[in-house]
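Here is data-v9.txt, consisting of compact mmCIF, C-alpha atoms:
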# COMPACT_ATOMS: atom_id res chain seq x y z
CA MET A 1 100.65 82.08 118.98
CA PRO A 2 98.80 81.14 115.81
CA VAL A 3 95.23 82.22 115.15
CA TYR A 4 93.10 80.05 112.88
CA THR A 5 89.80 81.32 111.54
CA CYS A 6 87.55 78.72 109.94
CA THR A 7 84.75 80.05 107.75
CA ALA A 8 81.82 78.02 106.48
CA ALA A 9 78.18 78.79 105.79
CA GLN A 10 75.78 78.13 108.67
CA GLY A 11 74.74 74.51 108.68
CA THR A 12 78.04 73.19 107.31
CA LEU A 13 79.46 72.45 110.74
CA THR A 14 77.86 71.14 113.91
CA SER A 15 78.89 72.13 117.40
CA GLY A 16 80.56 68.72 117.64
CA SER A 17 82.47 69.02 114.38
CA LYS A 18 83.69 72.49 115.36
CA ALA A 19 85.09 71.12 118.63
CA ALA A 20 86.67 68.15 116.84
CA LEU A 21 88.18 70.36 114.14
CA ALA A 22 89.54 72.84 116.70
CA ALA A 23 91.18 69.95 118.58
CA GLU A 24 92.70 68.51 115.41
CA ILE A 25 93.97 71.87 114.12
CA THR A 26 95.60 72.34 117.50
CA ARG A 27 97.18 68.88 117.47
CA ILE A 28 98.57 69.33 113.95
CA HIS A 29 99.92 72.81 114.64
CA VAL A 30 101.62 71.71 117.87
CA ALA A 31 103.25 68.74 116.12
CA ILE A 32 104.68 70.80 113.27
CA ASN A 33 105.36 74.23 114.77
CA HIS A 34 106.42 73.27 118.31
CA VAL A 35 104.27 75.51 120.47
CA PRO A 36 102.29 74.36 123.52
CA PRO A 37 98.62 73.65 122.74
CA ALA A 38 97.38 76.46 125.00
CA TYR A 39 98.82 78.97 122.51
CA VAL A 40 96.76 77.76 119.55
CA ASN A 41 93.63 79.84 118.98
CA VAL A 42 90.81 78.64 116.71
CA VAL A 43 87.72 80.68 115.86
CA PHE A 44 84.77 79.74 113.66
CA SER A 45 82.87 82.23 111.54
CA GLU A 46 79.57 81.01 110.13
CA PRO A 47 77.80 83.48 107.86
CA PRO A 48 74.33 82.72 106.51
CA PRO A 49 74.26 80.74 103.26
CA ASP A 50 73.45 83.85 101.21
CA SER A 51 76.82 85.30 102.25
CA VAL A 52 79.21 82.65 100.94
CA PHE A 53 80.13 82.43 97.26
CA ALA A 54 82.48 80.42 95.07
CA GLY A 55 82.81 81.29 91.41
CA GLY A 56 80.32 84.11 91.89
CA GLU A 57 77.55 81.66 92.85
CA PRO A 58 76.30 80.62 96.30
CA GLY A 59 78.82 78.02 97.37
CA ALA A 60 79.89 75.85 100.23
CA PRO A 61 83.62 76.30 100.76
CA LEU A 62 85.26 75.59 104.09
CA ILE A 63 88.05 78.15 104.40
CA ILE A 64 90.76 77.93 107.03
CA ASN A 65 92.89 81.03 107.39
CA GLY A 66 95.82 80.82 109.76
CA TRP A 67 98.19 83.47 110.98
CA VAL A 68 101.63 82.16 111.85
CA ARG A 69 104.92 83.82 112.74
CA ARG A 70 107.15 84.52 109.74
CA GLY A 71 110.35 82.51 109.59
CA HIS A 72 109.19 78.91 109.77
CA PRO A 73 110.76 76.83 106.97
CA GLN A 74 108.53 76.99 103.87
CA GLN A 75 108.49 73.22 103.65
CA GLU A 76 106.89 72.97 107.09
CA ALA A 77 104.30 75.62 106.25
CA THR A 78 103.36 73.61 103.17
CA ARG A 79 103.09 70.40 105.17
CA LEU A 80 100.99 72.19 107.79
CA ALA A 81 98.58 73.48 105.13
CA LEU A 82 98.28 70.04 103.51
CA GLU A 83 97.59 68.28 106.80
CA LEU A 84 95.04 70.89 107.87
CA SER A 85 93.21 70.55 104.55
CA SER A 86 93.00 66.80 104.80
CA ALA A 87 91.88 66.90 108.45
CA ALA A 88 89.24 69.55 107.76
CA ALA A 89 87.68 67.53 104.93
CA ARG A 90 87.61 64.37 107.04
CA ILE A 91 86.23 65.94 110.22
CA ALA A 92 83.72 68.30 108.62
CA GLY A 93 82.51 65.71 106.15
CA VAL A 94 83.20 68.12 103.29
CA ALA A 95 84.76 67.07 99.97
CA GLU A 96 88.39 68.25 99.99
CA ASP A 97 87.61 70.02 96.68
CA HIS A 98 85.69 72.53 98.77
CA VAL A 99 88.38 73.04 101.38
CA MET A 100 90.85 75.91 101.17
CA VAL A 101 93.67 76.52 103.63
CA VAL A 102 95.69 79.72 103.64
CA LEU A 103 98.58 80.40 106.01
CA GLN A 104 99.50 84.06 106.27
CA ASP A 105 102.69 84.99 107.99
CA GLY A 106 103.77 88.11 109.76
CA PRO A 107 106.69 89.30 111.86
CA ALA A 108 106.74 87.73 115.35
CA ARG A 109 107.80 91.14 116.65
CA SER A 110 104.50 92.62 115.42
CA ALA A 111 102.49 90.28 117.66
CA VAL A 112 101.86 90.23 121.39
CA GLU A 113 100.31 87.48 123.49
CA GLY A 114 99.84 87.59 127.25
CA GLY A 115 101.43 91.04 127.20
CA ARG A 116 104.70 89.79 125.66
CA VAL A 117 106.13 90.15 122.18
CA LEU A 118 106.18 86.74 120.47
CA PRO A 119 109.48 84.89 119.96
CA GLU A 120 111.02 84.29 116.55
CA PRO A 121 110.46 80.74 115.26
CA GLY A 122 113.04 78.52 116.95
CA GLN A 123 113.23 80.65 120.11
CA GLU A 124 110.05 79.36 121.72
CA LYS A 125 111.84 77.54 124.56
CA GLU A 126 113.57 80.62 125.95
CA TRP A 127 110.35 82.59 125.63
CA LEU A 128 108.29 80.00 127.44
CA ALA A 129 110.93 79.64 130.14
CA ARG A 130 110.67 83.36 130.89
CA GLN A 131 106.89 83.04 131.19
CA GLY A 132 105.82 83.97 134.70
CA GLU A 133 109.02 85.88 135.43
CA THR A 134 107.81 89.14 133.98
CA MET B 135 94.12 103.22 106.55
CA PRO B 136 94.42 100.45 109.11
CA VAL B 137 91.68 97.92 109.70
CA TYR B 138 91.43 96.35 113.14
CA THR B 139 89.24 93.30 113.70
CA CYS B 140 88.59 92.39 117.32
CA THR B 141 87.28 88.88 117.95
CA ALA B 142 85.80 87.65 121.22
CA ALA B 143 83.05 85.22 122.11
CA GLN B 144 79.60 86.72 122.55
CA GLY B 145 79.21 88.07 126.07
CA THR B 146 82.85 89.03 126.49
CA LEU B 147 82.28 92.62 125.41
CA THR B 148 79.42 95.01 126.05
CA SER B 149 78.26 97.64 123.61
CA GLY B 150 79.96 100.18 125.85
CA SER B 151 83.27 98.34 126.03
CA LYS B 152 83.29 97.94 122.24
CA ALA B 153 82.86 101.69 121.81
CA ALA B 154 85.54 102.42 124.40
CA LEU B 155 87.96 99.92 122.88
CA ALA B 156 87.38 101.27 119.35
CA ALA B 157 88.10 104.78 120.60
CA GLU B 158 91.27 103.71 122.38
CA ILE B 159 92.58 101.62 119.46
CA THR B 160 92.02 104.68 117.29
CA ARG B 161 93.81 106.98 119.72
CA ILE B 162 96.83 104.68 120.03
CA HIS B 163 97.10 104.09 116.29
CA VAL B 164 96.90 107.80 115.51
CA ALA B 165 99.60 108.61 118.07
CA ILE B 166 102.07 106.03 116.76
CA ASN B 167 101.34 105.80 113.03
CA HIS B 168 100.45 109.42 112.25
CA VAL B 169 97.18 109.08 110.34
CA PRO B 170 94.04 111.14 111.02
CA PRO B 171 91.51 109.34 113.25
CA ALA B 172 88.88 109.17 110.49
CA TYR B 173 91.10 106.65 108.65
CA VAL B 174 91.16 104.10 111.47
CA ASN B 175 88.58 101.34 111.03
CA VAL B 176 87.64 98.99 113.87
CA VAL B 177 85.27 96.04 113.53
CA PHE B 178 84.14 93.57 116.18
CA SER B 179 83.38 89.94 115.46
CA GLU B 180 81.55 88.04 118.20
CA PRO B 181 80.99 84.38 117.47
CA PRO B 182 78.93 82.23 119.88
CA PRO B 183 80.91 80.68 122.74
CA ASP B 184 80.93 77.25 121.05
CA SER B 185 82.97 78.77 118.21
CA VAL B 186 86.02 80.06 120.07
CA PHE B 187 88.81 77.75 121.20
CA ALA B 188 92.21 78.03 122.84
CA GLY B 189 94.35 74.93 123.22
CA GLY B 190 91.64 72.90 121.54
CA GLU B 191 89.17 73.66 124.34
CA PRO B 192 86.40 76.27 124.49
CA GLY B 193 88.24 79.42 125.44
CA ALA B 194 87.89 83.10 125.95
CA PRO B 195 90.63 84.87 124.03
CA LEU B 196 90.28 88.45 122.88
CA ILE B 197 92.09 88.63 119.56
CA ILE B 198 92.94 91.90 117.84
CA ASN B 199 94.10 91.58 114.27
CA GLY B 200 95.27 94.73 112.57
CA TRP B 201 96.21 95.37 108.98
CA VAL B 202 98.79 98.13 108.55
CA ARG B 203 100.81 99.40 105.61
CA ARG B 204 104.18 97.70 105.23
CA GLY B 205 107.19 99.93 105.83
CA HIS B 206 106.60 101.31 109.31
CA PRO B 207 109.71 100.84 111.51
CA GLN B 208 109.53 97.45 113.26
CA GLN B 209 110.11 99.09 116.60
CA GLU B 210 106.95 101.17 116.21
CA ALA B 211 104.90 98.14 115.17
CA THR B 212 106.07 96.35 118.31
CA ARG B 213 105.19 99.34 120.49
CA LEU B 214 101.78 99.58 118.80
CA ALA B 215 101.06 95.90 119.48
CA LEU B 216 102.13 96.20 123.12
CA GLU B 217 100.02 99.29 123.77
CA LEU B 218 96.97 97.76 122.08
CA SER B 219 97.31 94.60 124.19
CA SER B 220 97.49 96.53 127.41
CA ALA B 221 94.57 98.80 126.47
CA ALA B 222 92.41 95.86 125.40
CA ALA B 223 92.91 94.03 128.69
CA ARG B 224 92.14 97.14 130.70
CA ILE B 225 89.05 98.24 128.76
CA ALA B 226 87.51 94.81 128.18
CA GLY B 227 88.21 93.66 131.72
CA VAL B 228 90.00 90.60 130.38
CA ALA B 229 93.23 89.22 131.85
CA GLU B 230 96.09 90.20 129.52
CA ASP B 231 96.99 86.47 129.41
CA HIS B 232 93.91 86.06 127.21
CA VAL B 233 94.67 88.96 124.89
CA MET B 234 96.44 88.43 121.58
CA VAL B 235 97.39 91.21 119.17
CA VAL B 236 98.63 90.52 115.65
CA LEU B 237 99.66 93.23 113.20
CA GLN B 238 99.80 92.04 109.62
CA ASP B 239 101.38 94.25 107.06
CA GLY B 240 100.88 94.56 103.35
CA PRO B 241 102.01 96.84 100.53
CA ALA B 242 100.38 100.28 100.67
CA ARG B 243 100.09 100.07 96.87
CA SER B 244 97.81 97.03 97.23
CA ALA B 245 95.27 99.01 99.22
CA VAL B 246 92.72 101.63 98.20
CA GLU B 247 90.66 103.91 100.42
CA GLY B 248 88.23 106.54 99.22
CA GLY B 249 89.10 105.52 95.66
CA ARG B 250 92.81 106.32 96.07
CA VAL B 251 95.85 104.09 96.43
CA LEU B 252 97.28 104.44 99.96
CA PRO B 253 100.53 106.36 100.53
CA GLU B 254 103.73 104.67 101.66
CA PRO B 255 104.46 105.17 105.38
CA GLY B 256 105.97 108.64 105.77
CA GLN B 257 104.12 110.11 102.78
CA GLU B 258 100.78 110.62 104.49
CA LYS B 259 100.96 114.42 104.44
CA GLU B 260 101.25 114.74 100.67
CA TRP B 261 98.48 112.17 100.23
CA LEU B 262 96.15 113.95 102.62
CA ALA B 263 96.92 117.32 101.03
CA ARG B 264 95.82 115.99 97.64
CA GLN B 265 92.55 114.77 99.22
CA GLY B 266 89.68 116.65 97.60
CA GLU B 267 91.69 117.66 94.55
CA THR B 268 91.00 114.45 92.67
CA MET C 269 92.55 80.67 94.91
CA PRO C 270 91.80 84.11 96.30
CA VAL C 271 89.56 84.63 99.30
CA TYR C 272 87.71 87.93 99.57
CA THR C 273 86.00 88.92 102.81
CA CYS C 274 83.62 91.87 102.59
CA THR C 275 82.66 93.48 105.87
CA ALA C 276 79.84 95.96 106.36
CA ALA C 277 77.39 96.66 109.15
CA GLN C 278 74.08 94.82 108.96
CA GLY C 279 71.67 96.70 106.73
CA THR C 280 74.35 98.10 104.43
CA LEU C 281 73.98 95.30 101.89
CA THR C 282 70.94 93.41 100.67
CA SER C 283 70.94 89.77 99.65
CA GLY C 284 70.80 90.99 96.06
CA SER C 285 73.69 93.41 96.38
CA LYS C 286 75.80 90.72 98.02
CA ALA C 287 75.19 88.36 95.10
CA ALA C 288 75.91 91.14 92.59
CA LEU C 289 79.07 92.20 94.39
CA ALA C 290 80.32 88.61 94.65
CA ALA C 291 79.77 88.16 90.93
CA GLU C 292 81.58 91.39 90.09
CA ILE C 293 84.53 90.71 92.41
CA THR C 294 84.84 87.33 90.72
CA ARG C 295 84.69 88.84 87.24
CA ILE C 296 87.32 91.46 88.01
CA HIS C 297 89.67 89.00 89.71
CA VAL C 298 89.41 86.52 86.83
CA ALA C 299 90.15 89.24 84.29
CA ILE C 300 93.27 90.51 86.07
CA ASN C 301 94.73 87.45 87.80
CA HIS C 302 93.91 84.73 85.28
CA VAL C 303 92.28 82.06 87.41
CA PRO C 304 89.04 80.26 86.56
CA PRO C 305 85.97 81.77 88.28
CA ALA C 306 85.30 78.61 90.32
CA TYR C 307 88.47 79.35 92.33
CA VAL C 308 87.34 82.77 93.53
CA ASN C 309 85.83 82.70 97.02
CA VAL C 310 83.82 85.61 98.41
CA VAL C 311 82.42 85.78 101.95
CA PHE C 312 80.37 88.53 103.59
CA SER C 313 80.63 89.41 107.26
CA GLU C 314 77.89 91.66 108.61
CA PRO C 315 78.30 92.65 112.24
CA PRO C 316 75.58 94.65 114.00
CA PRO C 317 75.89 98.44 113.63
CA ASP C 318 77.28 98.82 117.17
CA SER C 319 80.30 96.77 116.09
CA VAL C 320 81.65 98.85 113.22
CA PHE C 321 83.66 102.02 113.81
CA ALA C 322 85.56 104.57 111.76
CA GLY C 323 87.55 107.27 113.53
CA GLY C 324 86.49 105.82 116.87
CA GLU C 325 82.82 106.56 116.15
CA PRO C 326 80.08 104.25 114.86
CA GLY C 327 80.67 104.22 111.13
CA ALA C 328 79.62 102.68 107.90
CA PRO C 329 82.70 101.49 106.02
CA LEU C 330 82.54 98.73 103.45
CA ILE C 331 85.82 96.87 103.80
CA ILE C 332 87.02 94.33 101.24
CA ASN C 333 89.96 92.23 102.33
CA GLY C 334 91.41 89.90 99.76
CA TRP C 335 94.06 87.23 100.09
CA VAL C 336 96.05 86.66 96.92
CA ARG C 337 99.15 84.65 96.09
CA ARG C 338 102.40 86.60 96.46
CA GLY C 339 104.26 87.25 93.22
CA HIS C 340 101.70 89.00 91.04
CA PRO C 341 103.16 92.22 89.56
CA GLN C 342 102.52 95.12 91.96
CA GLN C 343 100.96 97.15 89.17
CA GLU C 344 98.27 94.51 88.68
CA ALA C 345 97.54 94.29 92.40
CA THR C 346 97.06 98.06 92.44
CA ARG C 347 94.74 97.92 89.44
CA LEU C 348 92.80 95.07 91.04
CA ALA C 349 92.32 97.07 94.26
CA LEU C 350 91.21 100.18 92.35
CA GLU C 351 88.68 98.29 90.23
CA LEU C 352 87.28 96.45 93.26
CA SER C 353 86.84 99.73 95.12
CA SER C 354 84.98 101.35 92.28
CA ALA C 355 82.77 98.29 91.72
CA ALA C 356 81.95 97.98 95.41
CA ALA C 357 80.83 101.60 95.67
CA ARG C 358 78.68 101.32 92.58
CA ILE C 359 77.02 97.99 93.43
CA ALA C 360 76.53 98.55 97.15
CA GLY C 361 75.34 102.12 96.67
CA VAL C 362 77.96 103.33 99.12
CA ALA C 363 80.02 106.51 98.63
CA GLU C 364 83.53 105.43 97.55
CA ASP C 365 84.83 107.54 100.47
CA HIS C 366 83.54 104.75 102.71
CA VAL C 367 85.04 101.89 100.73
CA MET C 368 88.37 100.35 101.68
CA VAL C 369 90.08 97.56 99.75
CA VAL C 370 93.10 95.73 101.11
CA LEU C 371 94.92 92.96 99.24
CA GLN C 372 97.13 90.84 101.44
CA ASP C 373 99.53 88.50 99.82
CA GLY C 374 101.09 85.28 101.04
CA PRO C 375 103.25 82.51 99.62
CA ALA C 376 101.35 80.25 97.20
CA ARG C 377 103.19 77.33 98.80
CA SER C 378 101.54 78.11 102.14
CA ALA C 379 98.07 77.59 100.67
CA VAL C 380 96.16 74.47 99.69
CA GLU C 381 92.94 74.20 97.69
CA GLY C 382 91.23 70.96 96.74
CA GLY C 383 94.02 69.11 98.52
CA ARG C 384 96.77 70.61 96.34
CA VAL C 385 99.38 73.25 97.02
CA LEU C 386 98.61 76.39 94.99
CA PRO C 387 100.74 77.27 91.95
CA GLU C 388 102.99 80.29 91.82
CA PRO C 389 101.52 83.22 89.85
CA GLY C 390 102.10 82.47 86.16
CA GLN C 391 102.00 78.69 86.60
CA GLU C 392 98.23 78.35 86.79
CA LYS C 393 97.89 76.54 83.45
CA GLU C 394 100.12 73.61 84.38
CA TRP C 395 98.42 73.35 87.76
CA LEU C 396 94.93 73.35 86.25
CA ALA C 397 95.99 70.82 83.60
CA ARG C 398 97.08 68.40 86.31
CA GLN C 399 93.70 68.82 88.04
CA GLY C 400 91.92 65.47 88.07
CA GLU C 401 95.10 63.48 87.51
CA THR C 402 95.99 63.30 91.16
Let me see whether you can do it: turn the structure in this file into structure tokens.
Amino acid sequence: MPVYTCTAAQGTLTSGSKAALAAEITRIHVAINHVPPAYVNVVFSEPPPDSVFAGGEPGAPLIINGWVRRGHPQQEATRLALELSSAAARIAGVAEDHVMVVLQDGPARSAVEGGRVLPEPGQEKEWLARQGET
Amino acid sequence: MPVYTCTAAQGTLTSGSKAALAAEITRIHVAINHVPPAYVNVVFSEPPPDSVFAGGEPGAPLIINGWVRRGHPQQEATRLALELSSAAARIAGVAEDHVMVVLQDGPARSAVEGGRVLPEPGQEKEWLARQGET
Amino acid sequence: MPVYTCTAAQGTLTSGSKAALAAEITRIHVAINHVPPAYVNVVFSEPPPDSVFAGGEPGAPLIINGWVRRGHPQQEATRLALELSSAAARIAGVAEDHVMVVLQDGPARSAVEGGRVLPEPGQEKEWLARQGET
């Protein structure tokens, strides 16, 4: 249900650190937002170094942008962002000063996965139970 | 006015299927949200296969993320997402299980196209009529 | 704190125009939203020409998508979008008809930078003052 896009200049991440970060983002999201791992999507975008700027100068941020369904308690969204930031710094070997995590929310009813409109937060069980019936 | 970003690992889409999917996304958006086709933007992002994960494992999702002006009826946003999902599966030859569509909304007044602030949903006609006067 | 992603087909922007546009986006954002330049992130995404469409046909839009903290006055978000559009056209040498700027907002408390939850708009000073203490 969520989609995470991780952006860092080419050379910041190895194939191995991308796999490890994708696995850890998935683990953290599952633990906090209660969706099965298979529904967590993670994509990496790696522009050339001349395409990434911080403060108007070539920079080396690692930016994680997640889309989540609107309606999760704010406190859990904050905890999710904090844990993702800490994990990203550790796994990518980047100073946490250069890590930014943004969670954007949108209406569950404006999203479709596997041909079905997503459930509101808290109604995942019923939704998953109906999986395969339709 | 909308911007659709379609993300799939390299090799999932051909040049032909990208063109066909862009045309169909445009057609569906125009039919439901009443804007002229020229205002529908579609971009494809195709990271290498080692950069796309589902469930923490290398995966093959096709993710369509659309930005639309806030204020359209929810029911139409849901219908838009459902039709885009079905069209994407059909045109890309991907199982709909692997297709995810997310529509994010934002204030029309926080968006500018052609140098002009976008109209609220429902006020497209007046906006388009003033096109060329300014 | 903001993240701007600029998307244009390969060949639209040079390395020099990307650097100039990043610097100008940063300058404009700092002037209107009152954050230090170091906190403004700008990333360029340049898909091949067969991956960018407007009106269902291959096209040449320059799309600037910014994430900003929710809670800035709407009037300032509108001014920010207008100034970014005008600057982008001028610096990239693209007709403003082909420039689209979208500012998406999200809760400051759903975003983390440098390991710390972002401040609400208007509380930047206190947040920056605590920088280094934690």
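Nearest-residue note for C:Leu330: choosing from C:Val385, C:Leu396, C:Ala356, C:Val271, the minimum distance belongs to C:Ala356, counting all atoms listed in the file.
Using all atoms listed in the file, the part of chain C that sits within 7 Å of chain A is made up of Ser283, Lys286, Ala290, Ala291, Thr294, Pro305, Ala306, Tyr307, Val308, Asn309, Val310, Val311, Phe312, Ser313, Gly374, Arg377, Ser378, Ala379, Val380, Glu381, Gly382 and Gly383 of chain C.
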Between atom CA of C:Pro304 and atom CA of C:Lys393 lies a distance of 10.1 Å
One decimal place gives the atom CA of B:Val228-atom CA of B:His168 separation as 28.1 Å
How many Å separate atom CA of A:Ile91 from atom CA of C:Trp395?
-> 26.6 Å
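Neighbours of B:Gln257 closer than or equal to 12 Å, with only C-alpha atoms counted and sequence neighbours fewer than 4 positions away skipped, come out as B:Asn167, B:His168, B:Val169, B:Arg203, B:Gly205, B:His206, B:Ala242, B:Leu252, B:Pro253, B:Trp261, B:Leu262, B:Ala263, B:Arg264.
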Rank nothing, just name the residue among A:Met1, A:Leu13, A:Leu21, A:Ile32 nearest to A:Pro107, using only C-alpha atoms.
-> A:Met1
Kindly write stretch 7-32 of chain A with N, CA and C atoms to a file, as an mmCIF file, in the first residue's frame.
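Result went into result_22.cif, see below:
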data_model
loop_
_atom_site.group_PDB
_atom_site.id
_atom_site.type_symbol
_atom_site.label_atom_id
_atom_site.label_comp_id
_atom_site.auth_asym_id
_atom_site.auth_seq_id
_atom_site.Cartn_x
_atom_site.Cartn_y
_atom_site.Cartn_z
ATOM 1 N N THR A 7 15.887 8.695 -3.036
ATOM 2 C CA THR A 7 16.668 9.413 -4.039
ATOM 3 C C THR A 7 18.043 9.747 -3.482
ATOM 4 N N ALA A 8 19.070 9.373 -4.221
ATOM 5 C CA ALA A 8 20.442 9.725 -3.844
ATOM 6 C C ALA A 8 21.274 9.760 -5.113
ATOM 7 N N ALA A 9 22.279 10.608 -5.136
ATOM 8 C CA ALA A 9 23.134 10.693 -6.322
ATOM 9 C C ALA A 9 23.801 9.337 -6.575
ATOM 10 N N GLN A 10 24.009 9.051 -7.865
ATOM 11 C CA GLN A 10 24.723 7.823 -8.245
ATOM 12 C C GLN A 10 26.008 7.690 -7.440
ATOM 13 N N GLY A 11 26.266 6.499 -6.966
ATOM 14 C CA GLY A 11 27.498 6.283 -6.222
ATOM 15 C C GLY A 11 27.300 6.334 -4.713
ATOM 16 N N THR A 12 26.165 6.890 -4.276
ATOM 17 C CA THR A 12 25.882 6.949 -2.837
ATOM 18 C C THR A 12 25.538 5.569 -2.306
ATOM 19 N N LEU A 13 24.778 4.823 -3.084
ATOM 20 C CA LEU A 13 24.285 3.518 -2.643
ATOM 21 C C LEU A 13 24.838 2.412 -3.532
ATOM 22 N N THR A 14 25.134 1.277 -2.940
ATOM 23 C CA THR A 14 25.510 0.103 -3.723
ATOM 24 C C THR A 14 24.264 -0.745 -3.940
ATOM 25 N N SER A 15 24.389 -1.723 -4.810
ATOM 26 C CA SER A 15 23.290 -2.647 -5.032
ATOM 27 C C SER A 15 22.925 -3.325 -3.710
ATOM 28 N N GLY A 16 23.950 -3.660 -2.934
ATOM 29 C CA GLY A 16 23.710 -4.311 -1.642
ATOM 30 C C GLY A 16 23.027 -3.388 -0.640
ATOM 31 N N SER A 17 23.434 -2.128 -0.603
ATOM 32 C CA SER A 17 22.809 -1.243 0.387
ATOM 33 C C SER A 17 21.374 -0.895 -0.034
ATOM 34 N N LYS A 18 21.106 -0.897 -1.335
ATOM 35 C CA LYS A 18 19.720 -0.677 -1.761
ATOM 36 C C LYS A 18 18.837 -1.846 -1.301
ATOM 37 N N ALA A 19 19.323 -3.058 -1.487
ATOM 38 C CA ALA A 19 18.532 -4.224 -1.061
ATOM 39 C C ALA A 19 18.329 -4.209 0.452
ATOM 40 N N ALA A 20 19.391 -3.869 1.191
ATOM 41 C CA ALA A 20 19.282 -3.861 2.653
ATOM 42 C C ALA A 20 18.340 -2.756 3.125
ATOM 43 N N LEU A 21 18.413 -1.613 2.469
ATOM 44 C CA LEU A 21 17.543 -0.497 2.862
ATOM 45 C C LEU A 21 16.082 -0.802 2.524
ATOM 46 N N ALA A 22 15.858 -1.398 1.348
ATOM 47 C CA ALA A 22 14.481 -1.775 0.978
ATOM 48 C C ALA A 22 13.913 -2.758 1.996
ATOM 49 N N ALA A 23 14.729 -3.709 2.432
ATOM 50 C CA ALA A 23 14.251 -4.705 3.403
ATOM 51 C C ALA A 23 13.942 -4.040 4.738
ATOM 52 N N GLU A 24 14.767 -3.095 5.143
ATOM 53 C CA GLU A 24 14.572 -2.451 6.442
ATOM 54 C C GLU A 24 13.391 -1.474 6.416
ATOM 55 N N ILE A 25 13.237 -0.739 5.323
ATOM 56 C CA ILE A 25 12.061 0.131 5.185
ATOM 57 C C ILE A 25 10.789 -0.719 5.288
ATOM 58 N N THR A 26 10.820 -1.848 4.628
ATOM 59 C CA THR A 26 9.659 -2.745 4.638
ATOM 60 C C THR A 26 9.380 -3.248 6.051
ATOM 61 N N ARG A 27 10.426 -3.670 6.751
ATOM 62 C CA ARG A 27 10.261 -4.189 8.109
ATOM 63 C C ARG A 27 9.669 -3.114 9.034
ATOM 64 N N ILE A 28 10.221 -1.899 8.945
ATOM 65 C CA ILE A 28 9.751 -0.813 9.816
ATOM 66 C C ILE A 28 8.302 -0.453 9.495
ATOM 67 N N HIS A 29 7.989 -0.354 8.207
ATOM 68 C CA HIS A 29 6.622 0.022 7.834
ATOM 69 C C HIS A 29 5.614 -1.027 8.308
ATOM 70 N N VAL A 30 5.953 -2.289 8.123
ATOM 71 C CA VAL A 30 5.058 -3.380 8.528
ATOM 72 C C VAL A 30 4.808 -3.326 10.033
ATOM 73 N N ALA A 31 5.884 -3.067 10.790
ATOM 74 C CA ALA A 31 5.760 -3.064 12.257
ATOM 75 C C ALA A 31 4.861 -1.926 12.741
ATOM 76 N N ILE A 32 4.952 -0.784 12.085
ATOM 77 C CA ILE A 32 4.201 0.383 12.580
ATOM 78 C C ILE A 32 2.820 0.501 11.942
#
